[in-house]
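*Asks:* Structure incoming, see below.
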There are 2 protein chains.
Amino acid sequence: MMTGHVYIATSLDGFIARSDGSLDWLMKYPTDDGANYGFDDFMDSVDGLIMGRGTYEVVLGFGGEWPYKKPVVVLSSSLSQEDVDQTLEGKVRIVQATPKEIVQILSDEGWKRAYIDGGKLIQSFLQEGLIQDMTLTRIPILIGEGIPLFGPLDHDIDLEHIKTESFPSGFVMSKYEVRSGN
Amino acid sequence: MMTGHVYIATSLDGFIARSDGSLDWLMKYPTDDGANYGFDDFMDSVDGLIMGRGTYEVVLGFGGEWPYKKPVVVLSSSLSQEDVDQTLEGKVRIVQATPKEIVQILSDEGWKRAYIDGGKLIQSFLQEGLIQDMTLTRIPILIGEGIPLFGPLDHDIDLEHIKTESFPSGFVMSKYEVRSGN
């Protein structure tokens with residue numbers, strides 16, 4: 001079965017974006033740390049991305065070129081394939097499905113590893129036990145409010161710390177595996 | 001002027017305790033990492049602790065011996081010195097003061113460094129620019145809800161990452177300085 005993987009940055013107080021989706025607090029840091037914080041390797045390791053409508057619309061809002069070479073599946077009950085701009089044909093697929101359903105669908109299509117993106121989607125995949133590991137990068141800033149990475153759960157989730165690395169930028173990147181049985 | 005220092009553990013989703021104050025999720029980890037996570041050295045470095053009523057009552061609720069050798073100042077507008085048990089005489093002082101006022105009072109008494117404890121008090125000291133550094137230990141568990149370490153701010157607060165250390169327990173301890181001008 002396909003596994004879900006998270007790679008995301010948060011402010012030290014746990015937000016992935018300001019309430020309006022903006023990332024100015026993150027973008028102000030220089031991106032000259034060489035290894036691109038392992039993101040290229042991570043992206044190479046997945047068959048594609050799964051995101052919610054909110055994250056999709058934030059990405060669209062950035063304007064410019066579509067940033068992903070890998071296929072993107074947008075889980076949404078309000079969008080349909082006709083809402084997707086022609087230029088994104090073959091790149092973005094809108095699917096109305098639960099986390100479990102989309103894992104089954106993509107597994108059947110041969111996906112082994114999916115990049116799960118966006119706060120709400122990560123929360124629902126975690127809750128359903130569909131995340132295998134998370135690489136979290138803590139940015140050294142407090143922004144006070146915004147869109148949180150984590151949310152309510154109906155049970156504790158134990159994680160296994162795999163490794164932590166810090167960078168001259170002050171970013172601290174930790175990888176955790178979700179313990180089986182969670 | 002006296003400086004404020006934070007040394008605290010949070011779940012990976014940013015809580016310092018469950019909503020009822022309980023720390024079962026933290027206490028279940030073995031405490032055999034030798035160095036006591038630097039806590040003894042930290043405690044040696046401060047003149048005393050400042051906490052809010054909520055944290056004070058949680059500590060009292062643990063029962064057993066009073067855990068602090070250093071003087072504890074409890075900021076509260078609802079408690080008075082008569083509420084403090086006789087056995088804590090000389091150990092616990094109730095003061096009704098703002099963060100700025102208590103910093104002035106204790107500076108005048110010769111305090112150089114204070115351990116600022118508890119979510120709400122840390123938030124108000126941060127907001128007022130009264131925290132010099134924070135040592136945050138991330139516990140590898142998601143608990144979904146509880147008492148958050150951080151809260152709303154009226155401005156971003158930039159931090160400087162000083163160092164990060166991880167332990168066999170999976171705990172990840174990071175020290176940050178609050179940049180001046182915040």
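In the structure tokens, chains take letters A, B, ... by order of appearance, with residues numbered from 1 within each chain and ligands from 1 in the order shown.
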Excluding same-chain residues fewer than 2 positions from Leu79 (chain A), what lies within 8 Å of it counting only C-alpha atoms, as a list in words?

*Replies:*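 That gives Arg53, Ser76, Ser77, Gln81, Asp83 and Ile94 of chain A.
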
*Asks:* Kindly provide, as a count of residues only, the residues of chain A having any atom no farther than 8 Å from an atom of chain B, counting only C-alpha atoms.

*Replies:* 28

*Asks:* Considering only alpha helix (DSSP H) as DSSP defines it on the backbone, what residues of region 4-181 of chain B qualify? List them as an mmCIF file with N, CA, C and O atoms, in the first residue's frame.

*Replies:*
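In the end it all went to states.cif:
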data_model
loop_
_atom_site.group_PDB
_atom_site.id
_atom_site.type_symbol
_atom_site.label_atom_id
_atom_site.label_comp_id
_atom_site.auth_asym_id
_atom_site.auth_seq_id
_atom_site.Cartn_x
_atom_site.Cartn_y
_atom_site.Cartn_z
ATOM 1 N N ASP B 24 1.082 13.315 32.005
ATOM 2 C CA ASP B 24 1.282 11.865 31.833
ATOM 3 C C ASP B 24 2.029 11.542 30.535
ATOM 4 O O ASP B 24 2.876 10.670 30.489
ATOM 5 N N TRP B 25 1.715 12.282 29.477
ATOM 6 C CA TRP B 25 2.328 12.043 28.157
ATOM 7 C C TRP B 25 3.830 12.324 28.199
ATOM 8 O O TRP B 25 4.589 11.758 27.414
ATOM 9 N N LEU B 26 4.260 13.187 29.136
ATOM 10 C CA LEU B 26 5.678 13.540 29.266
ATOM 11 C C LEU B 26 6.377 12.598 30.248
ATOM 12 O O LEU B 26 7.497 12.144 30.024
ATOM 13 N N MET B 27 5.653 12.293 31.334
ATOM 14 C CA MET B 27 6.244 11.501 32.416
ATOM 15 C C MET B 27 6.464 10.050 32.014
ATOM 16 O O MET B 27 7.189 9.316 32.696
ATOM 17 N N PHE B 39 18.914 20.573 32.892
ATOM 18 C CA PHE B 39 18.003 21.321 33.755
ATOM 19 C C PHE B 39 18.681 21.791 35.041
ATOM 20 O O PHE B 39 18.453 22.922 35.494
ATOM 21 N N ASP B 40 19.517 20.915 35.626
ATOM 22 C CA ASP B 40 20.183 21.294 36.887
ATOM 23 C C ASP B 40 21.072 22.525 36.684
ATOM 24 O O ASP B 40 21.056 23.450 37.500
ATOM 25 N N ASP B 41 21.823 22.518 35.580
ATOM 26 C CA ASP B 41 22.684 23.673 35.289
ATOM 27 C C ASP B 41 21.844 24.933 35.088
ATOM 28 O O ASP B 41 22.208 26.020 35.539
ATOM 29 N N PHE B 42 20.742 24.752 34.358
ATOM 30 C CA PHE B 42 19.862 25.909 34.129
ATOM 31 C C PHE B 42 19.363 26.455 35.467
ATOM 32 O O PHE B 42 19.405 27.661 35.724
ATOM 33 N N MET B 43 18.885 25.545 36.316
ATOM 34 C CA MET B 43 18.323 25.984 37.596
ATOM 35 C C MET B 43 19.389 26.666 38.452
ATOM 36 O O MET B 43 19.098 27.651 39.147
ATOM 37 N N ASP B 44 20.625 26.146 38.381
ATOM 38 C CA ASP B 44 21.721 26.790 39.132
ATOM 39 C C ASP B 44 21.968 28.219 38.653
ATOM 40 O O ASP B 44 22.478 29.045 39.406
ATOM 41 N N SER B 45 21.623 28.493 37.395
ATOM 42 C CA SER B 45 21.975 29.786 36.786
ATOM 43 C C SER B 45 20.988 30.900 37.101
ATOM 44 O O SER B 45 21.236 32.054 36.762
ATOM 45 N N ARG B 53 -0.487 31.870 38.444
ATOM 46 C CA ARG B 53 -1.282 31.093 39.388
ATOM 47 C C ARG B 53 -1.564 29.690 38.853
ATOM 48 O O ARG B 53 -1.517 28.695 39.599
ATOM 49 N N GLY B 54 -1.865 29.586 37.563
ATOM 50 C CA GLY B 54 -2.198 28.293 36.969
ATOM 51 C C GLY B 54 -1.075 27.286 37.138
ATOM 52 O O GLY B 54 -1.307 26.155 37.592
ATOM 53 N N THR B 55 0.139 27.704 36.821
ATOM 54 C CA THR B 55 1.289 26.805 36.950
ATOM 55 C C THR B 55 1.539 26.465 38.416
ATOM 56 O O THR B 55 1.819 25.309 38.765
ATOM 57 N N TYR B 56 1.421 27.467 39.270
ATOM 58 C CA TYR B 56 1.601 27.244 40.717
ATOM 59 C C TYR B 56 0.639 26.161 41.220
ATOM 60 O O TYR B 56 1.028 25.243 41.938
ATOM 61 N N GLU B 57 -0.608 26.257 40.794
ATOM 62 C CA GLU B 57 -1.595 25.286 41.275
ATOM 63 C C GLU B 57 -1.343 23.894 40.705
ATOM 64 O O GLU B 57 -1.611 22.885 41.364
ATOM 65 N N VAL B 58 -0.821 23.838 39.471
ATOM 66 C CA VAL B 58 -0.454 22.539 38.909
ATOM 67 C C VAL B 58 0.678 21.917 39.734
ATOM 68 O O VAL B 58 0.651 20.736 40.073
ATOM 69 N N VAL B 59 1.672 22.741 40.087
ATOM 70 C CA VAL B 59 2.809 22.230 40.877
ATOM 71 C C VAL B 59 2.320 21.752 42.248
ATOM 72 O O VAL B 59 2.693 20.669 42.719
ATOM 73 N N LEU B 60 1.459 22.548 42.889
ATOM 74 C CA LEU B 60 0.887 22.129 44.178
ATOM 75 C C LEU B 60 0.146 20.804 44.024
ATOM 76 O O LEU B 60 0.208 19.929 44.893
ATOM 77 N N GLY B 61 -0.541 20.658 42.892
ATOM 78 C CA GLY B 61 -1.356 19.463 42.654
ATOM 79 C C GLY B 61 -0.540 18.187 42.541
ATOM 80 O O GLY B 61 -1.074 17.083 42.711
ATOM 81 N N PRO B 99 4.232 42.054 34.294
ATOM 82 C CA PRO B 99 5.582 41.552 34.008
ATOM 83 C C PRO B 99 6.635 42.647 34.181
ATOM 84 O O PRO B 99 7.662 42.418 34.842
ATOM 85 N N LYS B 100 6.409 43.818 33.622
ATOM 86 C CA LYS B 100 7.413 44.887 33.743
ATOM 87 C C LYS B 100 7.650 45.282 35.188
ATOM 88 O O LYS B 100 8.788 45.537 35.597
ATOM 89 N N GLU B 101 6.569 45.352 35.954
ATOM 90 C CA GLU B 101 6.707 45.728 37.364
ATOM 91 C C GLU B 101 7.518 44.695 38.145
ATOM 92 O O GLU B 101 8.400 45.063 38.939
ATOM 93 N N ILE B 102 7.236 43.407 37.913
ATOM 94 C CA ILE B 102 7.950 42.396 38.708
ATOM 95 C C ILE B 102 9.430 42.358 38.326
ATOM 96 O O ILE B 102 10.293 42.118 39.184
ATOM 97 N N VAL B 103 9.724 42.611 37.043
ATOM 98 C CA VAL B 103 11.132 42.664 36.629
ATOM 99 C C VAL B 103 11.836 43.799 37.378
ATOM 100 O O VAL B 103 12.955 43.637 37.877
ATOM 101 N N GLN B 104 11.166 44.935 37.500
ATOM 102 C CA GLN B 104 11.754 46.071 38.230
ATOM 103 C C GLN B 104 11.940 45.735 39.717
ATOM 104 O O GLN B 104 13.007 45.957 40.283
ATOM 105 N N ILE B 105 10.888 45.162 40.300
ATOM 106 C CA ILE B 105 10.946 44.820 41.737
ATOM 107 C C ILE B 105 12.099 43.871 42.037
ATOM 108 O O ILE B 105 12.897 44.091 42.954
ATOM 109 N N LEU B 106 12.190 42.793 41.237
ATOM 110 C CA LEU B 106 13.210 41.776 41.522
ATOM 111 C C LEU B 106 14.611 42.270 41.163
ATOM 112 O O LEU B 106 15.584 41.907 41.830
ATOM 113 N N SER B 107 14.706 43.104 40.126
ATOM 114 C CA SER B 107 16.013 43.710 39.810
ATOM 115 C C SER B 107 16.500 44.533 40.989
ATOM 116 O O SER B 107 17.668 44.469 41.380
ATOM 117 N N ASP B 108 15.578 45.301 41.562
ATOM 118 C CA ASP B 108 15.936 46.125 42.716
ATOM 119 C C ASP B 108 16.395 45.264 43.894
ATOM 120 O O ASP B 108 17.196 45.705 44.721
ATOM 121 N N GLY B 119 2.727 28.683 30.393
ATOM 122 C CA GLY B 119 2.401 29.192 29.060
ATOM 123 C C GLY B 119 1.983 30.654 29.050
ATOM 124 O O GLY B 119 2.544 31.484 28.335
ATOM 125 N N LYS B 120 0.994 31.004 29.861
ATOM 126 C CA LYS B 120 0.467 32.375 29.805
ATOM 127 C C LYS B 120 1.517 33.401 30.201
ATOM 128 O O LYS B 120 1.624 34.468 29.609
ATOM 129 N N LEU B 121 2.300 33.069 31.233
ATOM 130 C CA LEU B 121 3.307 34.032 31.703
ATOM 131 C C LEU B 121 4.421 34.184 30.662
ATOM 132 O O LEU B 121 4.886 35.302 30.401
ATOM 133 N N ILE B 122 4.821 33.074 30.072
ATOM 134 C CA ILE B 122 5.849 33.147 29.026
ATOM 135 C C ILE B 122 5.345 34.031 27.882
ATOM 136 O O ILE B 122 6.064 34.882 27.363
ATOM 137 N N GLN B 123 4.085 33.827 27.509
ATOM 138 C CA GLN B 123 3.514 34.645 26.417
ATOM 139 C C GLN B 123 3.547 36.131 26.755
ATOM 140 O O GLN B 123 3.907 36.963 25.918
ATOM 141 N N SER B 124 3.175 36.480 27.981
ATOM 142 C CA SER B 124 3.127 37.912 28.281
ATOM 143 C C SER B 124 4.529 38.493 28.429
ATOM 144 O O SER B 124 4.776 39.630 28.019
ATOM 145 N N PHE B 125 5.460 37.725 28.953
ATOM 146 C CA PHE B 125 6.851 38.207 29.024
ATOM 147 C C PHE B 125 7.448 38.348 27.621
ATOM 148 O O PHE B 125 8.180 39.312 27.350
ATOM 149 N N LEU B 126 7.142 37.412 26.738
ATOM 150 C CA LEU B 126 7.627 37.520 25.351
ATOM 151 C C LEU B 126 7.079 38.775 24.688
ATOM 152 O O LEU B 126 7.797 39.545 24.051
ATOM 153 N N GLN B 127 5.774 38.955 24.836
ATOM 154 C CA GLN B 127 5.095 40.100 24.233
ATOM 155 C C GLN B 127 5.726 41.413 24.690
ATOM 156 O O GLN B 127 5.817 42.378 23.935
#

*Asks:* Rank nothing, just name the residue among B:Ala9, B:Met1, B:Ala17, B:Ile131 nearest to Ile147 (chain B), using only C-alpha atoms.

*Replies:*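 Going through B:Ala9, B:Met1, B:Ala17, B:Ile131 one by one, the smallest distance to Ile147 (chain B) is for B:Ala17.
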